[in-house]
>>> print(open('target06.txt').read())   # compact mmCIF, C-alpha atoms and all ligand atoms
# COMPACT_ATOMS: atom_id res chain seq x y z
CA MET A 1 -4.70 -43.26 3.05
CA ARG A 2 -3.56 -46.48 1.39
CA PHE A 3 -0.08 -45.03 1.30
CA LEU A 4 -0.25 -44.27 5.01
CA ILE A 5 -1.42 -47.72 6.02
CA LEU A 6 1.30 -49.28 3.88
CA GLN A 7 3.87 -47.13 5.60
CA ALA A 8 2.50 -48.05 9.00
CA ASP A 9 2.75 -51.74 8.14
CA VAL A 10 6.39 -51.43 7.17
CA THR A 11 7.17 -49.64 10.43
CA GLU A 12 5.24 -52.18 12.40
CA SER A 13 7.19 -55.14 11.01
CA THR A 14 10.44 -53.62 12.29
CA SER A 15 8.98 -52.36 15.57
CA PHE A 16 8.97 -54.15 18.92
CA PHE A 17 5.33 -53.41 19.50
CA ASP A 18 2.84 -55.71 17.82
CA SER A 19 -0.27 -54.55 19.65
CA PRO A 20 -3.07 -53.06 17.52
CA TRP A 21 -2.96 -49.98 19.76
CA TRP A 22 0.58 -49.25 18.74
CA LYS A 23 -0.34 -49.74 15.10
CA PHE A 24 -3.29 -47.41 15.48
CA THR A 25 -1.21 -44.78 17.25
CA THR A 26 1.58 -44.74 14.68
CA THR A 27 -0.92 -44.65 11.82
CA MET A 28 -2.70 -41.70 13.38
CA ALA A 29 0.58 -39.91 14.06
CA LYS A 30 1.65 -40.34 10.45
CA ALA A 31 -1.73 -39.20 9.18
CA MET A 32 -1.40 -36.08 11.33
CA LEU A 33 2.09 -35.39 10.06
CA VAL A 34 1.00 -35.77 6.43
CA ALA A 35 -2.10 -33.61 7.01
CA MET A 36 0.10 -30.95 8.64
CA TRP A 37 2.55 -31.10 5.74
CA LEU A 38 -0.23 -30.68 3.16
CA ALA A 39 -1.77 -27.87 5.19
CA LEU A 40 1.59 -26.09 5.23
CA VAL A 41 1.88 -26.49 1.45
CA PHE A 42 -1.59 -24.98 1.07
CA TRP A 43 -0.75 -22.18 3.49
CA THR A 44 2.46 -21.45 1.54
CA TYR A 45 0.42 -21.14 -1.65
CA LYS A 46 -2.08 -18.76 -0.01
CA ASP A 47 0.60 -16.64 1.65
CA ALA A 48 2.81 -16.50 -1.47
CA LYS A 49 -0.13 -15.32 -3.57
CA ARG A 50 -0.56 -12.34 -1.25
CA ARG A 51 3.13 -11.38 -1.33
CA ILE A 52 4.51 -12.35 -4.76
CA THR A 53 3.34 -11.21 -8.20
CA ASP A 54 5.47 -13.58 -10.30
CA PRO A 55 3.55 -16.90 -10.76
CA MET A 56 6.90 -18.67 -11.32
CA MET A 57 8.12 -17.61 -7.87
CA ILE A 58 4.83 -18.67 -6.28
CA GLY A 59 5.30 -22.06 -7.97
CA VAL A 60 8.85 -22.34 -6.62
CA ALA A 61 7.68 -21.48 -3.08
CA VAL A 62 4.89 -24.08 -3.17
CA ALA A 63 7.16 -26.73 -4.74
CA THR A 64 9.81 -26.15 -2.05
CA SER A 65 7.19 -26.52 0.64
CA LEU A 66 5.91 -29.71 -1.04
CA ILE A 67 9.25 -31.39 -1.77
CA PHE A 68 10.83 -30.61 1.62
CA PRO A 69 8.09 -31.13 4.22
CA TYR A 70 8.20 -28.56 7.06
CA ILE A 71 11.75 -27.45 6.22
CA GLY A 72 10.65 -26.07 2.84
CA THR A 73 7.90 -24.05 4.50
CA LEU A 74 10.38 -22.78 7.09
CA PHE A 75 12.71 -21.65 4.30
CA TYR A 76 9.82 -19.90 2.60
CA VAL A 77 8.91 -18.05 5.80
CA ILE A 78 12.53 -16.86 6.16
CA LEU A 79 12.92 -15.78 2.54
CA ARG A 80 9.44 -14.46 1.67
CA PRO A 81 8.88 -10.75 0.93
CA PRO A 82 8.15 -8.96 4.21
CA GLU A 83 5.06 -7.10 3.00
CA TYR A 84 1.72 -7.99 1.49
CA LEU A 85 1.22 -6.74 -2.07
CA GLU A 86 -1.85 -4.71 -1.07
CA ASP A 87 0.18 -2.90 1.63
CA VAL A 88 2.91 -2.07 -0.88
CA LEU A 89 0.31 -0.77 -3.33
CA GLU A 90 -1.45 1.30 -0.67
CA ARG A 91 1.82 2.86 0.48
CA ASP A 92 2.82 3.70 -3.10
CA LEU A 93 -0.52 5.42 -3.68
CA GLU A 94 -0.18 7.37 -0.45
CA ILE A 95 3.33 8.54 -1.34
CA ARG A 96 2.24 9.55 -4.84
CA ALA A 97 -0.73 11.50 -3.47
CA ARG A 98 1.51 13.32 -0.99
CA GLU A 99 4.04 14.12 -3.72
CA GLN A 100 1.31 15.51 -5.92
CA GLU A 101 0.11 17.68 -3.05
CA LEU A 102 3.64 19.02 -2.59
CA VAL A 103 4.17 19.66 -6.29
CA GLY A 104 0.98 21.44 -7.23
CA GLY A 105 -1.76 21.06 -4.64
CA ALA A 106 -1.17 24.37 -2.89
CA ASN A 107 -0.52 26.36 -6.06
CA ARG A 108 -3.61 25.55 -8.04
CA CYS A 109 -6.70 27.60 -8.70
CA PRO A 110 -9.30 26.30 -6.22
CA ALA A 111 -12.00 26.60 -8.88
CA CYS A 112 -10.50 25.06 -12.02
CA ARG A 113 -7.27 23.45 -10.72
CA THR A 114 -5.12 25.36 -13.19
CA PRO A 115 -1.53 25.66 -11.91
CA VAL A 116 -1.01 29.24 -10.72
CA ARG A 117 1.94 31.15 -9.31
CA ASP A 118 2.10 32.71 -5.86
CA GLU A 119 1.95 36.24 -7.20
CA PHE A 120 -1.12 35.73 -9.42
CA LEU A 121 -4.04 37.98 -8.45
CA VAL A 122 -6.59 36.09 -10.51
CA CYS A 123 -6.67 32.70 -12.20
CA PRO A 124 -5.64 33.25 -15.83
CA LYS A 125 -8.08 30.62 -16.99
CA CYS A 126 -11.32 31.12 -15.07
CA ARG A 127 -10.68 34.65 -13.68
CA ARG A 128 -11.31 33.59 -10.11
CA GLU A 129 -9.85 35.99 -7.56
CA LEU A 130 -6.79 34.43 -5.91
CA LYS A 131 -4.94 37.35 -4.28
CA VAL A 132 -5.56 41.01 -3.56
CA ALA A 133 -3.13 43.72 -4.61
CA CYS A 134 -1.87 45.89 -1.77
CA THR A 135 -3.24 49.41 -2.17
CA ASN A 136 0.14 50.84 -1.15
CA CYS A 137 2.84 48.64 -2.71
CA SER A 138 0.76 46.53 -5.12
CA LYS A 139 2.20 43.25 -3.81
CA PRO A 140 -0.20 40.26 -4.00
CA LEU A 141 -1.85 39.62 -0.63
CA ASP A 142 -4.00 36.79 0.64
CA PRO A 143 -7.61 38.10 0.91
CA SER A 144 -7.73 37.04 4.58
CA TRP A 145 -4.68 39.13 5.61
CA LYS A 146 -5.34 42.25 7.66
CA VAL A 147 -2.05 43.97 7.03
CA CYS A 148 0.40 43.92 4.11
CA PRO A 149 3.50 41.93 5.21
CA TYR A 150 5.64 43.80 2.66
CA CYS A 151 4.91 47.45 3.55
CA ALA A 152 2.87 47.11 6.80
CA ASN A 153 -0.02 48.94 5.17
CA GLU A 154 -3.37 48.26 6.85
CA VAL A 155 -5.54 46.34 4.41
CA THR A 156 -8.80 48.16 4.91
CA GLY A 157 -11.43 47.85 2.22
CA SER A 158 -9.36 45.18 0.56
CA LYS A 159 -12.50 43.76 -0.97
CA LYS A 160 -13.03 46.99 -2.84
CA ALA A 161 -9.41 46.97 -3.97
CA ALA A 162 -9.79 43.40 -5.10
CA LYS A 163 -12.90 44.27 -7.07
CA ARG A 164 -11.02 47.05 -8.75
CA VAL A 165 -8.10 44.79 -9.66
CA VAL A 166 -10.41 42.05 -10.94
CA GLY A 167 -12.35 44.65 -12.91
CA GLU A 168 -9.21 45.87 -14.57
CA GLU A 169 -8.17 42.32 -15.32
CA ASP A 170 -11.61 41.66 -16.81
CA GLU A 171 -11.21 44.58 -19.16
CA LEU A 172 -7.77 43.33 -20.04
CA PHE A 173 -9.05 39.89 -20.86
CA ALA A 174 -12.19 41.08 -22.67
ZN ZN B 201 -9.26 29.01 -12.30
ZN ZN B 202 1.94 46.63 0.73
>>> encode(input="target06.txt", output="structure tokens", more="lines below")
Ligand SMILES: [Zn+2]
Ligand SMILES: [Zn+2]
Amino acid sequence: MRFLILQADVTESTSFFDSPWWKFTTTMAKAMLVAMWLALVFWTYKDAKRRITDPMMIGVAVATSLIFPYIGTLFYVILRPPEYLEDVLERDLEIRAREQELVGGANRCPACRTPVRDEFLVCPKCRRELKVACTNCSKPLDPSWKVCPYCANEVTGSKKAAKRVVGEEDELFA
């Protein structure tokens, strides 16, 4: 505040207006400008912390805003990274999750998450039934299918067929 009043006095000595009102008005205007400048510096610091990881770069942004009042902040707004760090992180996680789903999500044993191939009838690790062998052509079929898409054989009593296949596999593994 002492700095402000000093400044106001200097201005006043060169100004045409000597009235205390004019002095008061200019002092208030300068105080507002300085308060605005400091607020912008603080805002730059807060905003930079949410967008930049490097503490050096945050320091540069705040210093620019401090050394060049208003203009420095404007430069920062133009040059700052467009996204918040948390948004970048969230998007990366989302992409990674989707990639993982594409790579192995569909072809994993639903019980033990072991990677399995499309043609597997049972999980090689936990023996869970994954597919049913067609009674006609022995191709692996989804248990919910009603007809074999390979040989058009009606899948009647597929459960029984599945049991048989699993039973054989059990003996094999035993
Ligand atoms: Zn399994
Ligand atoms: Zn078939």
>>> closest_atom_pairs(input="target06.txt", of="chain A", to="ligand ZN 201 (chain B)", cutoff="12 Å", atoms="all atoms listed in the file", output="JSON lines")
{"residue": "A:Asn107", "atom": "CA", "partner": "B:ZN201", "partner_atom": "ZN", "distance": 11.1}
{"residue": "A:Arg108", "atom": "CA", "partner": "B:ZN201", "partner_atom": "ZN", "distance": 7.9}
{"residue": "A:Cys109", "atom": "CA", "partner": "B:ZN201", "partner_atom": "ZN", "distance": 4.6}
{"residue": "A:Pro110", "atom": "CA", "partner": "B:ZN201", "partner_atom": "ZN", "distance": 6.7}
{"residue": "A:Ala111", "atom": "CA", "partner": "B:ZN201", "partner_atom": "ZN", "distance": 5.0}
{"residue": "A:Cys112", "atom": "CA", "partner": "B:ZN201", "partner_atom": "ZN", "distance": 4.1}
{"residue": "A:Arg113", "atom": "CA", "partner": "B:ZN201", "partner_atom": "ZN", "distance": 6.1}
{"residue": "A:Thr114", "atom": "CA", "partner": "B:ZN201", "partner_atom": "ZN", "distance": 5.6}
{"residue": "A:Pro115", "atom": "CA", "partner": "B:ZN201", "partner_atom": "ZN", "distance": 8.4}
{"residue": "A:Val116", "atom": "CA", "partner": "B:ZN201", "partner_atom": "ZN", "distance": 8.4}
{"residue": "A:Arg117", "atom": "CA", "partner": "B:ZN201", "partner_atom": "ZN", "distance": 11.8}
{"residue": "A:Phe120", "atom": "CA", "partner": "B:ZN201", "partner_atom": "ZN", "distance": 10.9}
{"residue": "A:Leu121", "atom": "CA", "partner": "B:ZN201", "partner_atom": "ZN", "distance": 11.1}
{"residue": "A:Val122", "atom": "CA", "partner": "B:ZN201", "partner_atom": "ZN", "distance": 7.8}
{"residue": "A:Cys123", "atom": "CA", "partner": "B:ZN201", "partner_atom": "ZN", "distance": 4.5}
{"residue": "A:Pro124", "atom": "CA", "partner": "B:ZN201", "partner_atom": "ZN", "distance": 6.6}
{"residue": "A:Lys125", "atom": "CA", "partner": "B:ZN201", "partner_atom": "ZN", "distance": 5.1}
{"residue": "A:Cys126", "atom": "CA", "partner": "B:ZN201", "partner_atom": "ZN", "distance": 4.0}
{"residue": "A:Arg127", "atom": "CA", "partner": "B:ZN201", "partner_atom": "ZN", "distance": 6.0}
{"residue": "A:Arg128", "atom": "CA", "partner": "B:ZN201", "partner_atom": "ZN", "distance": 5.5}
{"residue": "A:Glu129", "atom": "CA", "partner": "B:ZN201", "partner_atom": "ZN", "distance": 8.5}
{"residue": "A:Leu130", "atom": "CA", "partner": "B:ZN201", "partner_atom": "ZN", "distance": 8.7}
>>> residues_near_ligand(input="target06.txt", ligand="ligand ZN 202 (chain B)", cutoff="10 Å", atoms="all atoms listed in the file", output="list in words")
Ala133, Cys134, Thr135, Asn136, Cys137, Ser138, Lys139, Pro140, Leu141, Val147, Cys148, Pro149, Tyr150, Cys151, Ala152, Asn153, Glu154 and Val155 of chain A
>>> closest_residue(input="target06.txt", among="A:Glu119, A:Asp54, A:Glu99, A:Thr44", to="Ile78 (chain A)", atoms="only C-alpha atoms")
A:Thr44
>>> atom_distance(input="target06.txt", atom1="CA of Gln100 (chain A)", atom2="CA of Asp87 (chain A)")
19.9 Å
>>> atom_distance(input="target06.txt", atom1="CA of Phe68 (chain A)", atom2="CA of Ala29 (chain A)")
18.6 Å
>>> atom_distance(input="target06.txt", atom1="CA of Pro81 (chain A)", atom2="CA of Leu93 (chain A)")
19.3 Å
>>> closest_residue(input="target06.txt", among="A:Lys46, A:Arg91, A:Arg51, A:Arg98", to="Leu79 (chain A)", atoms="only C-alpha atoms")
A:Arg51
>>> residues_around(input="target06.txt", residues="region 34-38 of chain A", least_positions_apart="4", cutoff="8 Å", atoms="all atoms listed in the file", output="VMD selection string")
chain A and resid 30 42 66 69 to 70
>>> decode(input="target06.txt", residues="region 100-133 of chain A", atoms="N, CA and C atoms", output="PDB file, in the first residue's frame")
ATOM      1  N   GLN A 100      -7.232 -53.251 -24.057  1.00  0.00           N
ATOM      2  CA  GLN A 100      -7.139 -54.530 -23.371  1.00  0.00           C
ATOM      3  C   GLN A 100      -8.354 -55.399 -23.710  1.00  0.00           C
ATOM      4  N   GLU A 101      -9.514 -54.740 -23.791  1.00  0.00           N
ATOM      5  CA  GLU A 101     -10.725 -55.462 -24.132  1.00  0.00           C
ATOM      6  C   GLU A 101     -10.601 -56.075 -25.525  1.00  0.00           C
ATOM      7  N   LEU A 102     -10.031 -55.282 -26.454  1.00  0.00           N
ATOM      8  CA  LEU A 102      -9.878 -55.756 -27.825  1.00  0.00           C
ATOM      9  C   LEU A 102      -8.887 -56.904 -27.891  1.00  0.00           C
ATOM     10  N   VAL A 103      -7.790 -56.785 -27.139  1.00  0.00           N
ATOM     11  CA  VAL A 103      -6.731 -57.786 -27.216  1.00  0.00           C
ATOM     12  C   VAL A 103      -7.165 -59.120 -26.621  1.00  0.00           C
ATOM     13  N   GLY A 104      -7.717 -59.096 -25.405  1.00  0.00           N
ATOM     14  CA  GLY A 104      -7.957 -60.386 -24.773  1.00  0.00           C
ATOM     15  C   GLY A 104      -9.268 -60.516 -24.030  1.00  0.00           C
ATOM     16  N   GLY A 105     -10.058 -59.451 -24.001  1.00  0.00           N
ATOM     17  CA  GLY A 105     -11.273 -59.495 -23.187  1.00  0.00           C
ATOM     18  C   GLY A 105     -12.252 -60.548 -23.651  1.00  0.00           C
ATOM     19  N   ALA A 106     -12.448 -60.643 -24.984  1.00  0.00           N
ATOM     20  CA  ALA A 106     -13.444 -61.566 -25.510  1.00  0.00           C
ATOM     21  C   ALA A 106     -12.942 -63.008 -25.451  1.00  0.00           C
ATOM     22  N   ASN A 107     -11.621 -63.186 -25.614  1.00  0.00           N
ATOM     23  CA  ASN A 107     -11.087 -64.542 -25.678  1.00  0.00           C
ATOM     24  C   ASN A 107     -10.394 -64.952 -24.378  1.00  0.00           C
ATOM     25  N   ARG A 108     -11.148 -64.819 -23.316  1.00  0.00           N
ATOM     26  CA  ARG A 108     -10.633 -65.278 -22.029  1.00  0.00           C
ATOM     27  C   ARG A 108     -11.675 -66.158 -21.374  1.00  0.00           C
ATOM     28  N   CYS A 109     -11.202 -67.124 -20.625  1.00  0.00           N
ATOM     29  CA  CYS A 109     -12.122 -67.976 -19.874  1.00  0.00           C
ATOM     30  C   CYS A 109     -12.903 -67.097 -18.899  1.00  0.00           C
ATOM     31  N   PRO A 110     -14.241 -67.151 -18.915  1.00  0.00           N
ATOM     32  CA  PRO A 110     -15.016 -66.291 -18.027  1.00  0.00           C
ATOM     33  C   PRO A 110     -14.821 -66.631 -16.552  1.00  0.00           C
ATOM     34  N   ALA A 111     -14.315 -67.826 -16.268  1.00  0.00           N
ATOM     35  CA  ALA A 111     -14.147 -68.228 -14.869  1.00  0.00           C
ATOM     36  C   ALA A 111     -12.780 -67.814 -14.321  1.00  0.00           C
ATOM     37  N   CYS A 112     -11.703 -68.141 -15.056  1.00  0.00           N
ATOM     38  CA  CYS A 112     -10.367 -67.901 -14.496  1.00  0.00           C
ATOM     39  C   CYS A 112      -9.545 -66.910 -15.301  1.00  0.00           C
ATOM     40  N   ARG A 113     -10.125 -66.316 -16.356  1.00  0.00           N
ATOM     41  CA  ARG A 113      -9.476 -65.284 -17.167  1.00  0.00           C
ATOM     42  C   ARG A 113      -8.243 -65.778 -17.913  1.00  0.00           C
ATOM     43  N   THR A 114      -8.087 -67.067 -18.052  1.00  0.00           N
ATOM     44  CA  THR A 114      -6.978 -67.596 -18.844  1.00  0.00           C
ATOM     45  C   THR A 114      -7.248 -67.300 -20.318  1.00  0.00           C
ATOM     46  N   PRO A 115      -6.246 -66.820 -21.068  1.00  0.00           N
ATOM     47  CA  PRO A 115      -6.462 -66.599 -22.498  1.00  0.00           C
ATOM     48  C   PRO A 115      -6.796 -67.926 -23.193  1.00  0.00           C
ATOM     49  N   VAL A 116      -7.880 -67.925 -23.965  1.00  0.00           N
ATOM     50  CA  VAL A 116      -8.279 -69.152 -24.661  1.00  0.00           C
ATOM     51  C   VAL A 116      -8.511 -68.836 -26.134  1.00  0.00           C
ATOM     52  N   ARG A 117      -8.399 -69.854 -26.979  1.00  0.00           N
ATOM     53  CA  ARG A 117      -8.649 -69.656 -28.402  1.00  0.00           C
ATOM     54  C   ARG A 117     -10.105 -69.930 -28.725  1.00  0.00           C
ATOM     55  N   ASP A 118     -10.528 -69.424 -29.897  1.00  0.00           N
ATOM     56  CA  ASP A 118     -11.922 -69.539 -30.316  1.00  0.00           C
ATOM     57  C   ASP A 118     -12.393 -70.992 -30.370  1.00  0.00           C
ATOM     58  N   GLU A 119     -11.481 -71.882 -30.762  1.00  0.00           N
ATOM     59  CA  GLU A 119     -11.915 -73.258 -30.994  1.00  0.00           C
ATOM     60  C   GLU A 119     -11.833 -74.134 -29.737  1.00  0.00           C
ATOM     61  N   PHE A 120     -11.424 -73.583 -28.618  1.00  0.00           N
ATOM     62  CA  PHE A 120     -11.338 -74.364 -27.383  1.00  0.00           C
ATOM     63  C   PHE A 120     -12.732 -74.773 -26.914  1.00  0.00           C
ATOM     64  N   LEU A 121     -12.897 -76.042 -26.564  1.00  0.00           N
ATOM     65  CA  LEU A 121     -14.173 -76.510 -26.022  1.00  0.00           C
ATOM     66  C   LEU A 121     -14.248 -76.289 -24.528  1.00  0.00           C
ATOM     67  N   VAL A 122     -13.123 -76.475 -23.848  1.00  0.00           N
ATOM     68  CA  VAL A 122     -13.078 -76.227 -22.407  1.00  0.00           C
ATOM     69  C   VAL A 122     -11.837 -75.402 -22.096  1.00  0.00           C
ATOM     70  N   CYS A 123     -11.871 -74.720 -20.957  1.00  0.00           N
ATOM     71  CA  CYS A 123     -10.703 -73.970 -20.515  1.00  0.00           C
ATOM     72  C   CYS A 123      -9.615 -74.965 -20.109  1.00  0.00           C
ATOM     73  N   PRO A 124      -8.417 -74.828 -20.655  1.00  0.00           N
ATOM     74  CA  PRO A 124      -7.363 -75.788 -20.331  1.00  0.00           C
ATOM     75  C   PRO A 124      -6.886 -75.678 -18.884  1.00  0.00           C
ATOM     76  N   LYS A 125      -7.248 -74.619 -18.228  1.00  0.00           N
ATOM     77  CA  LYS A 125      -6.749 -74.442 -16.865  1.00  0.00           C
ATOM     78  C   LYS A 125      -7.775 -74.888 -15.823  1.00  0.00           C
ATOM     79  N   CYS A 126      -9.022 -74.413 -15.967  1.00  0.00           N
ATOM     80  CA  CYS A 126     -10.004 -74.713 -14.922  1.00  0.00           C
ATOM     81  C   CYS A 126     -11.096 -75.667 -15.409  1.00  0.00           C
ATOM     82  N   ARG A 127     -10.998 -76.120 -16.657  1.00  0.00           N
ATOM     83  CA  ARG A 127     -11.908 -77.108 -17.244  1.00  0.00           C
ATOM     84  C   ARG A 127     -13.336 -76.588 -17.435  1.00  0.00           C
ATOM     85  N   ARG A 128     -13.538 -75.309 -17.350  1.00  0.00           N
ATOM     86  CA  ARG A 128     -14.870 -74.781 -17.570  1.00  0.00           C
ATOM     87  C   ARG A 128     -15.261 -74.978 -19.030  1.00  0.00           C
ATOM     88  N   GLU A 129     -16.541 -75.322 -19.242  1.00  0.00           N
ATOM     89  CA  GLU A 129     -17.030 -75.535 -20.606  1.00  0.00           C
ATOM     90  C   GLU A 129     -17.137 -74.202 -21.330  1.00  0.00           C
ATOM     91  N   LEU A 130     -16.474 -74.090 -22.486  1.00  0.00           N
ATOM     92  CA  LEU A 130     -16.514 -72.847 -23.255  1.00  0.00           C
ATOM     93  C   LEU A 130     -17.352 -73.004 -24.511  1.00  0.00           C
ATOM     94  N   LYS A 131     -17.167 -74.108 -25.236  1.00  0.00           N
ATOM     95  CA  LYS A 131     -17.882 -74.366 -26.480  1.00  0.00           C
ATOM     96  C   LYS A 131     -18.402 -75.803 -26.458  1.00  0.00           C
ATOM     97  N   VAL A 132     -19.300 -76.076 -27.396  1.00  0.00           N
ATOM     98  CA  VAL A 132     -19.862 -77.414 -27.528  1.00  0.00           C
ATOM     99  C   VAL A 132     -19.485 -77.954 -28.897  1.00  0.00           C
ATOM    100  N   ALA A 133     -19.016 -79.192 -28.957  1.00  0.00           N
ATOM    101  CA  ALA A 133     -18.658 -79.770 -30.246  1.00  0.00           C
ATOM    102  C   ALA A 133     -19.917 -80.178 -31.000  1.00  0.00           C
TER     103      ALA A 133
END
